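Asks: Hey, dropping target10.cif in here, mmCIF, C-alpha atoms and all ligand atoms:
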```
data_entry
#
loop_
_atom_site.label_atom_id
_atom_site.label_comp_id
_atom_site.auth_asym_id
_atom_site.auth_seq_id
_atom_site.Cartn_x
_atom_site.Cartn_y
_atom_site.Cartn_z
CA MET A 26 146.68 42.32 45.69
CA SER A 27 146.76 41.11 49.28
CA ILE A 28 144.44 38.10 49.50
CA GLN A 29 142.43 38.01 52.74
CA ARG A 30 138.92 36.89 51.81
CA THR A 31 138.89 33.33 50.50
CA ALA A 32 136.41 30.56 49.85
CA VAL A 33 136.49 26.85 49.19
CA ILE A 34 133.78 25.04 47.25
CA GLY A 35 133.24 21.60 48.77
CA SER A 36 134.44 20.22 52.10
CA GLY A 37 135.21 16.62 51.22
CA LEU A 38 138.68 15.17 51.74
CA MET A 39 140.47 17.89 49.76
CA GLY A 40 138.13 20.85 50.33
CA ALA A 41 138.27 20.41 54.12
CA GLY A 42 142.06 20.12 54.04
CA ILE A 43 142.43 23.24 51.88
CA ALA A 44 140.01 25.24 54.05
CA GLU A 45 142.05 24.20 57.10
CA VAL A 46 145.29 25.35 55.45
CA LEU A 47 143.75 28.74 54.55
CA ALA A 48 142.30 29.27 58.04
CA LYS A 49 145.57 28.31 59.75
CA SER A 50 147.29 30.89 57.54
CA GLY A 51 145.17 33.67 59.08
CA LEU A 52 142.72 34.09 56.19
CA ASP A 53 138.98 34.56 56.32
CA VAL A 54 137.42 31.42 54.78
CA ILE A 55 133.89 30.65 53.62
CA VAL A 56 133.23 26.99 52.86
CA ARG A 57 130.34 26.38 50.49
CA GLU A 58 128.58 23.02 50.65
CA ILE A 59 125.45 21.64 49.02
CA ASN A 60 123.48 21.07 52.23
CA ASP A 61 123.74 21.35 56.02
CA GLU A 62 124.61 17.68 56.43
CA ALA A 63 127.62 18.02 54.11
CA SER A 64 128.65 21.23 55.93
CA ALA A 65 128.52 19.42 59.29
CA ALA A 66 130.63 16.57 57.90
CA GLY A 67 133.17 19.07 56.51
CA ARG A 68 133.37 20.92 59.82
CA ALA A 69 133.89 17.61 61.68
CA ARG A 70 136.68 16.67 59.25
CA ILE A 71 138.50 19.95 59.91
CA GLU A 72 138.00 19.69 63.69
CA LYS A 73 139.43 16.17 63.65
CA SER A 74 142.49 17.21 61.64
CA LEU A 75 143.12 20.28 63.83
CA ALA A 76 142.83 18.06 66.93
CA ARG A 77 145.43 15.76 65.42
CA ALA A 78 147.71 18.73 64.66
CA VAL A 79 147.45 19.75 68.35
CA GLU A 80 148.09 16.16 69.44
CA LYS A 81 151.19 16.05 67.19
CA GLY A 82 152.50 19.32 68.65
CA LYS A 83 152.10 21.23 65.35
CA LEU A 84 149.54 23.70 66.72
CA ASP A 85 148.50 25.02 70.14
CA ALA A 86 144.92 25.11 71.39
CA GLN A 87 144.62 28.88 70.86
CA ALA A 88 145.76 28.65 67.21
CA ARG A 89 143.28 25.81 66.70
CA ASP A 90 140.40 27.89 68.09
CA GLU A 91 141.45 30.93 66.04
CA ALA A 92 141.58 28.82 62.86
CA MET A 93 138.08 27.44 63.54
CA GLY A 94 136.90 31.02 64.20
CA ARG A 95 138.01 32.08 60.70
CA LEU A 96 135.85 29.41 59.02
CA ARG A 97 132.24 29.97 58.05
CA PHE A 98 130.03 27.40 56.31
CA THR A 99 127.25 28.25 53.90
CA THR A 100 125.03 26.56 51.35
CA ASP A 101 124.43 29.86 49.53
CA ILE A 102 126.97 30.55 46.80
CA GLY A 103 125.73 34.18 46.76
CA GLU A 104 127.66 34.72 50.03
CA LEU A 105 130.91 34.46 48.06
CA ALA A 106 130.34 37.86 46.39
CA ASP A 107 133.23 39.65 48.13
CA ARG A 108 135.83 36.86 47.86
CA GLN A 109 139.29 37.57 46.41
CA LEU A 110 140.24 33.91 45.93
CA VAL A 111 137.90 30.95 45.49
CA ILE A 112 139.25 27.39 45.30
CA GLU A 113 136.83 24.86 43.84
CA ALA A 114 137.24 21.39 45.36
CA ALA A 115 133.96 19.73 44.37
CA SER A 116 133.88 16.12 43.24
CA GLU A 117 135.76 15.22 40.05
CA ASN A 118 132.89 15.70 37.63
CA GLU A 119 133.55 18.04 34.74
CA ASP A 120 129.95 19.21 34.29
CA ILE A 121 129.54 19.96 37.99
CA LYS A 122 132.79 21.91 38.04
CA LYS A 123 131.88 23.85 34.89
CA SER A 124 128.55 24.88 36.36
CA ILE A 125 130.26 25.96 39.61
CA PHE A 126 132.64 28.19 37.62
CA ALA A 127 129.73 29.67 35.67
CA GLU A 128 127.95 30.43 38.96
CA LEU A 129 131.10 31.90 40.54
CA ASP A 130 131.52 34.14 37.52
CA LYS A 131 128.06 35.56 38.18
CA VAL A 132 128.33 36.02 41.96
CA VAL A 133 131.95 37.06 42.62
CA THR A 134 131.95 40.82 42.09
CA ASP A 135 135.64 41.78 42.37
CA PRO A 136 137.08 41.87 38.83
CA ASP A 137 140.53 41.11 40.34
CA ALA A 138 139.30 37.97 42.10
CA ILE A 139 141.03 34.70 41.23
CA LEU A 140 138.99 31.57 40.54
CA ALA A 141 140.95 28.35 41.05
CA SER A 142 140.27 24.64 40.74
CA ASN A 143 141.82 21.86 42.80
CA THR A 144 141.01 19.31 40.09
CA SER A 145 143.54 16.49 40.04
CA SER A 146 143.59 16.03 36.26
CA MET A 147 140.81 17.82 34.37
CA PRO A 148 141.56 20.54 31.79
CA ILE A 149 141.61 23.95 33.50
CA ILE A 150 140.79 25.67 30.21
CA ARG A 151 137.29 24.14 30.19
CA PHE A 152 136.52 25.70 33.58
CA ALA A 153 138.07 28.99 32.44
CA GLN A 154 135.82 29.00 29.38
CA SER A 155 132.75 28.64 31.60
CA THR A 156 133.47 32.15 32.86
CA SER A 157 133.71 35.60 31.30
CA ARG A 158 137.22 36.03 32.82
CA PRO A 159 139.30 33.05 31.66
CA GLU A 160 142.56 34.94 32.28
CA ARG A 161 141.76 34.88 36.04
CA VAL A 162 141.20 31.10 36.23
CA LEU A 163 143.91 28.56 37.03
CA GLY A 164 144.58 25.27 38.79
CA VAL A 165 145.84 25.25 42.38
CA HIS A 166 146.30 21.59 43.13
CA PHE A 167 146.93 20.45 46.71
CA PHE A 168 147.91 16.96 47.86
CA ASN A 169 146.25 14.75 50.39
CA PRO A 170 146.44 15.31 53.34
CA ALA A 171 146.58 19.00 52.42
CA PRO A 172 147.57 20.19 55.93
CA VAL A 173 150.62 17.89 55.80
CA GLN A 174 151.80 17.64 52.17
CA PRO A 175 153.99 20.64 51.26
CA LEU A 176 153.47 20.64 47.48
CA VAL A 177 150.99 22.71 45.45
CA GLU A 178 150.88 22.50 41.64
CA ILE A 179 150.08 25.84 39.99
CA VAL A 180 148.43 25.02 36.67
CA SER A 181 148.18 27.74 34.02
CA SER A 182 145.82 27.27 31.12
CA VAL A 183 146.61 28.72 27.71
CA LEU A 184 144.58 31.79 28.76
CA THR A 185 145.77 32.31 32.37
CA ALA A 186 147.38 35.74 32.81
CA ASP A 187 151.03 35.65 33.90
CA SER A 188 150.21 38.16 36.64
CA VAL A 189 147.56 35.76 38.07
CA ARG A 190 149.98 32.83 37.98
CA ASP A 191 152.66 34.93 39.68
CA SER A 192 150.46 36.33 42.43
CA VAL A 193 149.00 32.90 43.27
CA THR A 194 152.49 31.37 43.28
CA GLU A 195 153.68 34.03 45.70
CA PHE A 196 150.56 33.61 47.86
CA VAL A 197 151.02 29.83 48.06
CA ALA A 198 154.68 30.18 49.06
CA GLU A 199 154.55 33.24 51.32
CA VAL A 200 151.11 33.07 52.93
CA LEU A 201 150.37 29.34 52.94
CA GLY A 202 154.01 28.28 53.42
CA LYS A 203 153.73 25.56 50.74
CA ASN A 204 156.13 24.67 47.91
CA PRO A 205 154.60 25.70 44.55
CA ILE A 206 155.66 24.12 41.26
CA GLN A 207 154.52 25.21 37.80
CA ALA A 208 152.61 22.74 35.63
CA GLN A 209 151.10 23.00 32.16
CA ASP A 210 147.40 22.31 31.64
CA ARG A 211 148.06 18.74 30.46
CA PRO A 212 146.29 15.58 31.68
CA GLY A 213 147.39 14.85 35.25
CA PHE A 214 149.66 17.92 35.32
CA ILE A 215 153.02 16.73 36.74
CA VAL A 216 152.29 14.57 39.78
CA ASN A 217 149.19 12.66 38.65
CA ALA A 218 150.63 12.10 35.17
CA LEU A 219 153.18 9.95 37.04
CA LEU A 220 151.15 8.80 40.05
CA ILE A 221 147.91 7.59 38.43
CA PRO A 222 149.57 5.12 35.99
CA TYR A 223 151.58 3.82 38.97
CA LEU A 224 148.46 3.30 41.12
CA CYS A 225 146.63 1.67 38.18
CA SER A 226 149.61 -0.67 37.62
CA ALA A 227 149.55 -1.71 41.27
CA ILE A 228 145.79 -2.42 41.12
CA ARG A 229 146.28 -4.42 37.89
CA MET A 230 149.03 -6.39 39.64
CA LEU A 231 146.61 -7.22 42.45
CA GLU A 232 143.79 -7.99 40.00
CA ALA A 233 146.03 -10.45 38.11
CA GLY A 234 146.91 -12.31 41.31
CA PHE A 235 150.54 -11.32 40.86
CA ALA A 236 150.98 -10.55 44.57
CA THR A 237 148.92 -9.74 47.66
CA LYS A 238 148.04 -6.13 48.47
CA GLU A 239 150.12 -6.36 51.61
CA ASP A 240 153.19 -7.49 49.67
CA ILE A 241 152.70 -4.89 46.91
CA ASP A 242 152.55 -2.19 49.58
CA ALA A 243 155.42 -3.62 51.60
CA GLY A 244 157.49 -3.75 48.41
CA MET A 245 157.24 -0.02 47.74
CA VAL A 246 157.54 1.00 51.40
CA GLY A 247 160.52 -1.20 52.21
CA GLY A 248 162.12 -1.26 48.77
CA CYS A 249 161.68 2.35 47.63
CA ALA A 250 161.16 4.22 50.92
CA HIS A 251 157.68 5.47 49.97
CA PRO A 252 155.73 6.51 53.10
CA MET A 253 152.87 4.20 52.05
CA GLY A 254 152.38 1.55 49.38
CA PRO A 255 150.25 2.16 46.25
CA ILE A 256 147.20 0.12 47.29
CA LYS A 257 146.95 1.91 50.62
CA LEU A 258 147.63 5.24 48.90
CA ALA A 259 144.82 4.61 46.39
CA ASP A 260 142.50 4.01 49.37
CA MET A 261 143.66 7.25 50.95
CA VAL A 262 143.30 9.33 47.78
CA GLY A 263 139.81 7.81 47.29
CA LEU A 264 139.12 5.12 44.71
CA ASP A 265 136.52 7.34 43.03
CA THR A 266 139.07 10.13 42.64
CA CYS A 267 141.65 7.62 41.31
CA LEU A 268 139.09 6.33 38.80
CA TYR A 269 138.02 9.77 37.57
CA ALA A 270 141.65 10.90 37.25
CA ALA A 271 142.57 7.73 35.34
CA GLU A 272 139.55 8.11 33.03
CA SER A 273 140.41 11.71 32.35
CA ILE A 274 144.10 11.03 31.61
CA TYR A 275 143.31 7.92 29.51
CA ARG A 276 140.61 9.73 27.53
CA GLU A 277 143.01 12.42 26.41
CA THR A 278 146.30 10.54 26.09
CA GLY A 279 145.26 6.96 25.32
CA ASP A 280 148.16 5.93 27.55
CA PRO A 281 147.45 2.24 28.33
CA ALA A 282 149.15 2.64 31.71
CA ALA A 283 146.40 5.07 32.73
CA LYS A 284 143.56 2.80 31.57
CA PRO A 285 141.34 2.29 34.62
CA PRO A 286 141.57 -1.33 35.85
CA VAL A 287 138.19 -3.11 35.82
CA LEU A 288 138.58 -3.94 39.52
CA LEU A 289 138.84 -0.21 40.31
CA SER A 290 135.60 0.54 38.42
CA ARG A 291 133.78 -2.31 40.14
CA MET A 292 134.87 -1.18 43.58
CA VAL A 293 133.69 2.36 42.92
CA ASP A 294 130.37 0.99 41.58
CA GLY A 295 130.09 -0.96 44.83
CA GLY A 296 130.63 2.12 46.99
CA LEU A 297 134.02 0.90 48.20
CA LEU A 298 135.84 4.23 48.00
CA GLY A 299 138.68 3.71 50.46
CA VAL A 300 139.30 5.48 53.77
CA LYS A 301 136.43 7.94 53.26
CA SER A 302 133.78 5.20 53.02
CA GLY A 303 135.36 2.92 55.64
CA ARG A 304 136.31 0.25 53.12
CA GLY A 305 138.39 0.09 49.98
CA PHE A 306 141.11 -2.46 49.37
CA TYR A 307 141.58 -2.36 53.15
CA GLU A 308 139.05 -1.79 55.95
CA TYR A 309 139.20 1.37 58.10
N1 LIG A 401 148.03 18.35 60.86
C1 LIG A 401 149.31 18.72 60.83
N2 LIG A 401 150.34 17.85 60.80
C2 LIG A 401 150.04 16.55 60.84
C3 LIG A 401 148.71 16.08 60.87
C4 LIG A 401 147.67 17.05 60.88
N3 LIG A 401 146.39 16.72 60.91
N4 LIG A 401 148.73 14.73 60.87
C5 LIG A 401 150.02 14.37 60.80
N5 LIG A 401 150.82 15.46 60.79
C6 LIG A 401 152.27 15.50 60.67
C7 LIG A 401 152.95 14.74 61.77
O1 LIG A 401 153.17 15.55 62.90
C8 LIG A 401 154.27 14.34 61.11
O2 LIG A 401 155.14 15.45 61.07
P1 LIG A 401 156.72 15.28 61.29
O3 LIG A 401 157.17 14.45 60.15
O4 LIG A 401 157.24 16.68 61.27
O5 LIG A 401 156.83 14.60 62.61
C9 LIG A 401 153.84 14.07 59.67
O6 LIG A 401 152.64 14.81 59.48
C10 LIG A 401 153.56 12.60 59.40
O7 LIG A 401 152.66 12.16 60.36
P2 LIG A 401 152.73 10.69 60.97
O8 LIG A 401 154.15 10.21 60.99
O9 LIG A 401 151.97 10.64 62.24
O10 LIG A 401 152.05 9.81 59.92
P3 LIG A 401 150.50 9.69 59.63
O11 LIG A 401 150.24 8.27 59.68
O12 LIG A 401 149.68 10.59 60.46
O13 LIG A 401 150.36 10.26 58.17
C11 LIG A 401 151.02 10.44 55.89
C12 LIG A 401 151.13 9.74 57.21
C13 LIG A 401 151.32 11.93 56.04
C14 LIG A 401 149.64 10.29 55.27
C15 LIG A 401 152.12 9.72 55.12
O14 LIG A 401 151.89 8.35 55.15
C16 LIG A 401 152.26 10.15 53.70
O15 LIG A 401 152.86 11.17 53.40
N6 LIG A 401 151.70 9.31 52.79
C17 LIG A 401 151.72 9.58 51.36
C18 LIG A 401 150.71 10.61 51.04
C19 LIG A 401 150.69 10.94 49.59
O16 LIG A 401 151.39 10.39 48.76
N7 LIG A 401 149.83 11.91 49.25
C20 LIG A 401 149.63 12.33 47.91
C21 LIG A 401 148.43 11.66 47.37
S1 LIG A 401 148.13 12.14 45.71
C22 LIG A 401 147.10 13.44 45.82
O17 LIG A 401 146.64 13.84 46.84
C23 LIG A 401 146.81 14.15 44.56
C24 LIG A 401 145.71 13.68 43.75
O18 LIG A 401 145.23 14.52 43.00
C25 LIG A 401 145.24 12.30 43.66
#
```
Could I get this file's structure written as structure tokens?
Ligand code: CAA
Replies:
Amino acid sequence: MSIQRTAVIGSGLMGAGIAEVLAKSGLDVIVREINDEASAAGRARIEKSLARAVEKGKLDAQARDEAMGRLRFTTDIGELADRQLVIEAASENEDIKKSIFAELDKVVTDPDAILASNTSSMPIIRFAQSTSRPERVLGVHFFNPAPVQPLVEIVSSVLTADSVRDSVTEFVAEVLGKNPIQAQDRPGFIVNALLIPYLCSAIRMLEAGFATKEDIDAGMVGGCAHPMGPIKLADMVGLDTCLYAAESIYRETGDPAAKPPVLLSRMVDGGLLGVKSGRGFYEY
């Protein structure tokens, strides 16, 4: 199947980045948001990132305009009827995601369509079981910022058809130009199973007064050649997303390293979500 008609559910940090990647790859993209305000914010996010790509010499003005021309925003999920690939990138709430999959199952008419989730750590099988076509559901997990990071985790549940896994893997590599890796449907898949305990450890270090945030970050940038330190990275990922991923991994594995630090919960309660809210551990 040649995938041309795509959709993304949600245009937050990840949804906007994924929609941008799809549009830049020449695909027709519908972005579904919950209201016009959220759609406008998603559009602005994509415009800003495309402007930055032009500024950085990664894209010319014509390619930018063509990419924007391939994007359409809607609040009506019914408009996704003819889509061949839908990537859900709503907030990390299992019930919300399950109900989105149940709705997609009703509205997407093509029996060959693929329904994917960009969840960072939740069990794909639960979303698959919210549909009547679990063999056509899988995880397609991008990394932030999606237009820049080359990796995509392809996550097969115990019911995902091999043919679906293979065609999405080929699509990610050949059409999107990303590097796919195969992950099992286990908490945190590959990357977040390693990353989330690391970010939680850094926050615990800060919470315990072990070192300043600047020194923790400088340590990993200067000592291990990471492009950014863990405290800054947590802010960039979004502290809410870090918390939900940690809760989800800890709930299933009981791994103490993934136990959400109290400071992280308090900051999320206080609306300090990192870059996206203007303030997290740092101010933006
Ligand atoms: N579009 C296209 N390319 C862009 C771009 C854009 N909007 N913005 C930047 N770039 C390109 C730049 O041109 C540059 O490319 P070259 O290396 O070829 O020159 C590259 O991206 C880096 O850009 P900059 O040097 O200008 O650095 P920056 O400050 O703009 O961005 C960063 C830096 C890419 C964010 C970098 O710090 C980084 O990689 N940080 C780590 C990010 C990371 O770990 N992400 C994973 C988070 S985990 C996750 O997402 C999963 C989850 O489920 C929680």
Asks: Each residue of stretch 153-272 of chain A lying at most 10 Å from stretch 132-148 of chain A should get a row with its shortest atom-to-atom pair and the distance in Å to one decimal, counting all atoms listed in the file; could you produce that, ordered by chain and increasing number, as a Markdown table?
Replies:
```
| residue | atom | partner | partner_atom | distance |
| --- | --- | --- | --- | --- |
| A:Ala153 | CA | A:Leu140 | CA | 8.6 |
| A:Thr156 | CA | A:Leu140 | CA | 9.5 |
| A:Arg158 | CA | A:Pro136 | CA | 8.4 |
| A:Pro159 | CA | A:Leu140 | CA | 9.0 |
| A:Glu160 | CA | A:Ile139 | CA | 9.1 |
| A:Arg161 | CA | A:Ile139 | CA | 5.2 |
| A:Val162 | CA | A:Leu140 | CA | 4.9 |
| A:Leu163 | CA | A:Ala141 | CA | 5.0 |
| A:Gly164 | CA | A:Ser142 | CA | 4.8 |
| A:Val165 | CA | A:Asn143 | CA | 5.3 |
| A:His166 | CA | A:Asn143 | CA | 4.5 |
| A:Phe167 | CA | A:Asn143 | CA | 6.6 |
| A:Phe168 | CA | A:Ser145 | CA | 9.0 |
| A:Val177 | CA | A:Asn143 | CA | 9.6 |
| A:Glu178 | CA | A:Asn143 | CA | 9.2 |
| A:Ile179 | CA | A:Ala141 | CA | 9.5 |
| A:Val180 | CA | A:Ser142 | CA | 9.1 |
| A:Ser182 | CA | A:Pro148 | CA | 8.0 |
| A:Val189 | CA | A:Ile139 | CA | 7.3 |
| A:Arg190 | CA | A:Ile139 | CA | 9.7 |
| A:Ser192 | CA | A:Ile139 | CA | 9.6 |
| A:Val193 | CA | A:Ile139 | CA | 8.4 |
| A:Gln209 | CA | A:Pro148 | CA | 9.9 |
| A:Asp210 | CA | A:Pro148 | CA | 6.1 |
| A:Arg211 | CA | A:Pro148 | CA | 6.9 |
| A:Pro212 | CA | A:Ser146 | CA | 5.3 |
| A:Gly213 | CA | A:Ser146 | CA | 4.1 |
| A:Phe214 | CA | A:Ser146 | CA | 6.4 |
| A:Ile215 | CA | A:Ser146 | CA | 9.5 |
| A:Val216 | CA | A:Ser145 | CA | 9.0 |
| A:Asn217 | CA | A:Ser146 | CA | 7.0 |
| A:Ala218 | CA | A:Ser146 | CA | 8.1 |
| A:Ile221 | CA | A:Ser146 | CA | 9.7 |
| A:Thr266 | CA | A:Ser145 | CA | 8.2 |
| A:Cys267 | CA | A:Ser145 | CA | 9.2 |
| A:Tyr269 | CA | A:Ser146 | CA | 8.5 |
| A:Ala270 | CA | A:Ser146 | CA | 5.6 |
| A:Ala271 | CA | A:Ser146 | CA | 8.4 |
| A:Glu272 | CA | A:Ser146 | CA | 9.5 |
```
Asks: Sorted by chain and rising residue number, list the residues of chain A at most 6 Å from ligand LIG 401 (chain A) (counting only C-alpha atoms and all ligand atoms), each with its closest atom pair and distance in Å to one decimal, as a tab-separated table.
Replies:
```
residue	atom	partner	partner_atom	distance
A:Ser74	CA	A:LIG401	N3	4.0
A:Leu75	CA	A:LIG401	N3	5.6
A:Arg77	CA	A:LIG401	N3	4.7
A:Ala78	CA	A:LIG401	N1	3.8
A:Lys81	CA	A:LIG401	O1	4.8
A:Lys83	CA	A:LIG401	C1	5.9
A:Ser145	CA	A:LIG401	O18	3.9
A:Phe168	CA	A:LIG401	O17	3.5
A:Asn169	CA	A:LIG401	O17	3.7
A:Pro172	CA	A:LIG401	N1	5.3
A:Val173	CA	A:LIG401	N2	5.0
A:Pro252	CA	A:LIG401	O14	4.7
A:Met253	CA	A:LIG401	O14	5.3
A:Val262	CA	A:LIG401	C25	5.4
```
Asks: Between atom CA of A:Asp294 and atom CA of A:Ile256, what is the distance in Å, rounded to a tenth?
Replies: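 Atom-to-atom, atom CA of A:Asp294 and atom CA of A:Ile256 are spaced 17.8 Å apart.
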Asks: Using all atoms listed in the file, which of A:Ala32, A:Val111, A:Ala69, A:Met39 sits nearest A:Ile55?
Replies: A:Ala32
Asks: Looking at A:Phe152, A:Tyr275, A:Phe235, A:Tyr223, which one is nearest to A:Glu119, with distances taken over only C-alpha atoms?
Replies: A:Phe152
Asks: Counting all atoms listed in the file, which of A:Gly67, A:Pro205, A:Gly82, A:Gly103 gets nearest to A:Gln174?
Replies: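 Smallest distance to A:Gln174 is found for A:Pro205.
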Asks: Please list as number ranges by chain every residue within 7 Å of A:Ile71, counting all atoms listed in the file and excluding residues in the same chain fewer than 6 positions away.
Replies: A: 41-42, 45
Asks: Within 7 Å of A:Asp53, counting only C-alpha atoms, which residues qualify if same-chain residues fewer than 5 places away don't, as a PyMOL selection string?
Replies: chain A and resi 29-31+48+95-96
Asks: Show which residues sit within 6 Å of A:Gly35, as an mmCIF file with C-alpha atoms, in the coordinates of the input. Count only C-alpha atoms, and ignore same-chain residues fewer than 3 positions away.
Replies:
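Contents of result_12.cif, freshly written:
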```
data_model
loop_
_atom_site.group_PDB
_atom_site.id
_atom_site.type_symbol
_atom_site.label_atom_id
_atom_site.label_comp_id
_atom_site.auth_asym_id
_atom_site.auth_seq_id
_atom_site.Cartn_x
_atom_site.Cartn_y
_atom_site.Cartn_z
ATOM 1 C CA GLY A 40 138.130 20.850 50.330
ATOM 2 C CA ARG A 57 130.340 26.380 50.490
ATOM 3 C CA GLU A 58 128.580 23.020 50.650
ATOM 4 C CA ALA A 114 137.240 21.390 45.360
ATOM 5 C CA ALA A 115 133.960 19.730 44.370
#
```
Asks: Please, can stretch 47-54 of chain A be completed to all heavy atoms and returned as an mmCIF file, in the frame of the given file?
Replies:
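Just written: result-v4.cif:
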```
data_model
loop_
_atom_site.group_PDB
_atom_site.id
_atom_site.type_symbol
_atom_site.label_atom_id
_atom_site.label_comp_id
_atom_site.auth_asym_id
_atom_site.auth_seq_id
_atom_site.Cartn_x
_atom_site.Cartn_y
_atom_site.Cartn_z
ATOM 1 N N LEU A 47 144.024 27.311 54.699
ATOM 2 C CA LEU A 47 143.750 28.740 54.550
ATOM 3 C C LEU A 47 143.482 29.376 55.926
ATOM 4 O O LEU A 47 144.022 30.437 56.254
ATOM 5 C CB LEU A 47 142.552 28.971 53.625
ATOM 6 C CG LEU A 47 142.719 28.516 52.159
ATOM 7 C CD1 LEU A 47 141.380 28.624 51.425
ATOM 8 C CD2 LEU A 47 143.778 29.330 51.430
ATOM 9 N N ALA A 48 142.653 28.709 56.730
ATOM 10 C CA ALA A 48 142.300 29.270 58.040
ATOM 11 C C ALA A 48 143.517 29.327 58.959
ATOM 12 O O ALA A 48 143.716 30.308 59.681
ATOM 13 C CB ALA A 48 141.184 28.433 58.678
ATOM 14 N N LYS A 49 144.356 28.307 58.909
ATOM 15 C CA LYS A 49 145.570 28.310 59.750
ATOM 16 C C LYS A 49 146.547 29.393 59.313
ATOM 17 O O LYS A 49 147.413 29.803 60.074
ATOM 18 C CB LYS A 49 146.262 26.931 59.688
ATOM 19 C CG LYS A 49 145.578 25.897 60.574
ATOM 20 C CD LYS A 49 146.479 24.721 60.896
ATOM 21 C CE LYS A 49 146.905 23.962 59.675
ATOM 22 N NZ LYS A 49 147.534 22.678 59.995
ATOM 23 N N SER A 50 146.410 29.840 58.051
ATOM 24 C CA SER A 50 147.290 30.890 57.540
ATOM 25 C C SER A 50 146.748 32.290 57.839
ATOM 26 O O SER A 50 147.259 33.279 57.309
ATOM 27 C CB SER A 50 147.477 30.731 56.025
ATOM 28 O OG SER A 50 147.985 29.452 55.738
ATOM 29 N N GLY A 51 145.678 32.374 58.638
ATOM 30 C CA GLY A 51 145.170 33.670 59.080
ATOM 31 C C GLY A 51 144.156 34.290 58.139
ATOM 32 O O GLY A 51 143.831 35.471 58.280
ATOM 33 N N LEU A 52 143.649 33.528 57.173
ATOM 34 C CA LEU A 52 142.720 34.090 56.190
ATOM 35 C C LEU A 52 141.274 33.853 56.604
ATOM 36 O O LEU A 52 140.965 32.888 57.321
ATOM 37 C CB LEU A 52 142.976 33.426 54.822
ATOM 38 C CG LEU A 52 144.421 33.608 54.334
ATOM 39 C CD1 LEU A 52 144.750 32.590 53.264
ATOM 40 C CD2 LEU A 52 144.632 35.019 53.824
ATOM 41 N N ASP A 53 140.413 34.713 56.101
ATOM 42 C CA ASP A 53 138.980 34.560 56.320
ATOM 43 C C ASP A 53 138.479 33.551 55.264
ATOM 44 O O ASP A 53 138.753 33.726 54.079
ATOM 45 C CB ASP A 53 138.341 35.945 56.111
ATOM 46 C CG ASP A 53 136.851 35.896 56.269
ATOM 47 O OD1 ASP A 53 136.403 35.742 57.400
ATOM 48 O OD2 ASP A 53 136.138 35.988 55.245
ATOM 49 N N VAL A 54 137.794 32.507 55.705
ATOM 50 C CA VAL A 54 137.420 31.420 54.780
ATOM 51 C C VAL A 54 135.915 31.131 54.849
ATOM 52 O O VAL A 54 135.384 30.879 55.933
ATOM 53 C CB VAL A 54 138.145 30.097 55.126
ATOM 54 C CG1 VAL A 54 137.960 29.071 54.006
ATOM 55 C CG2 VAL A 54 139.618 30.312 55.411
#
```
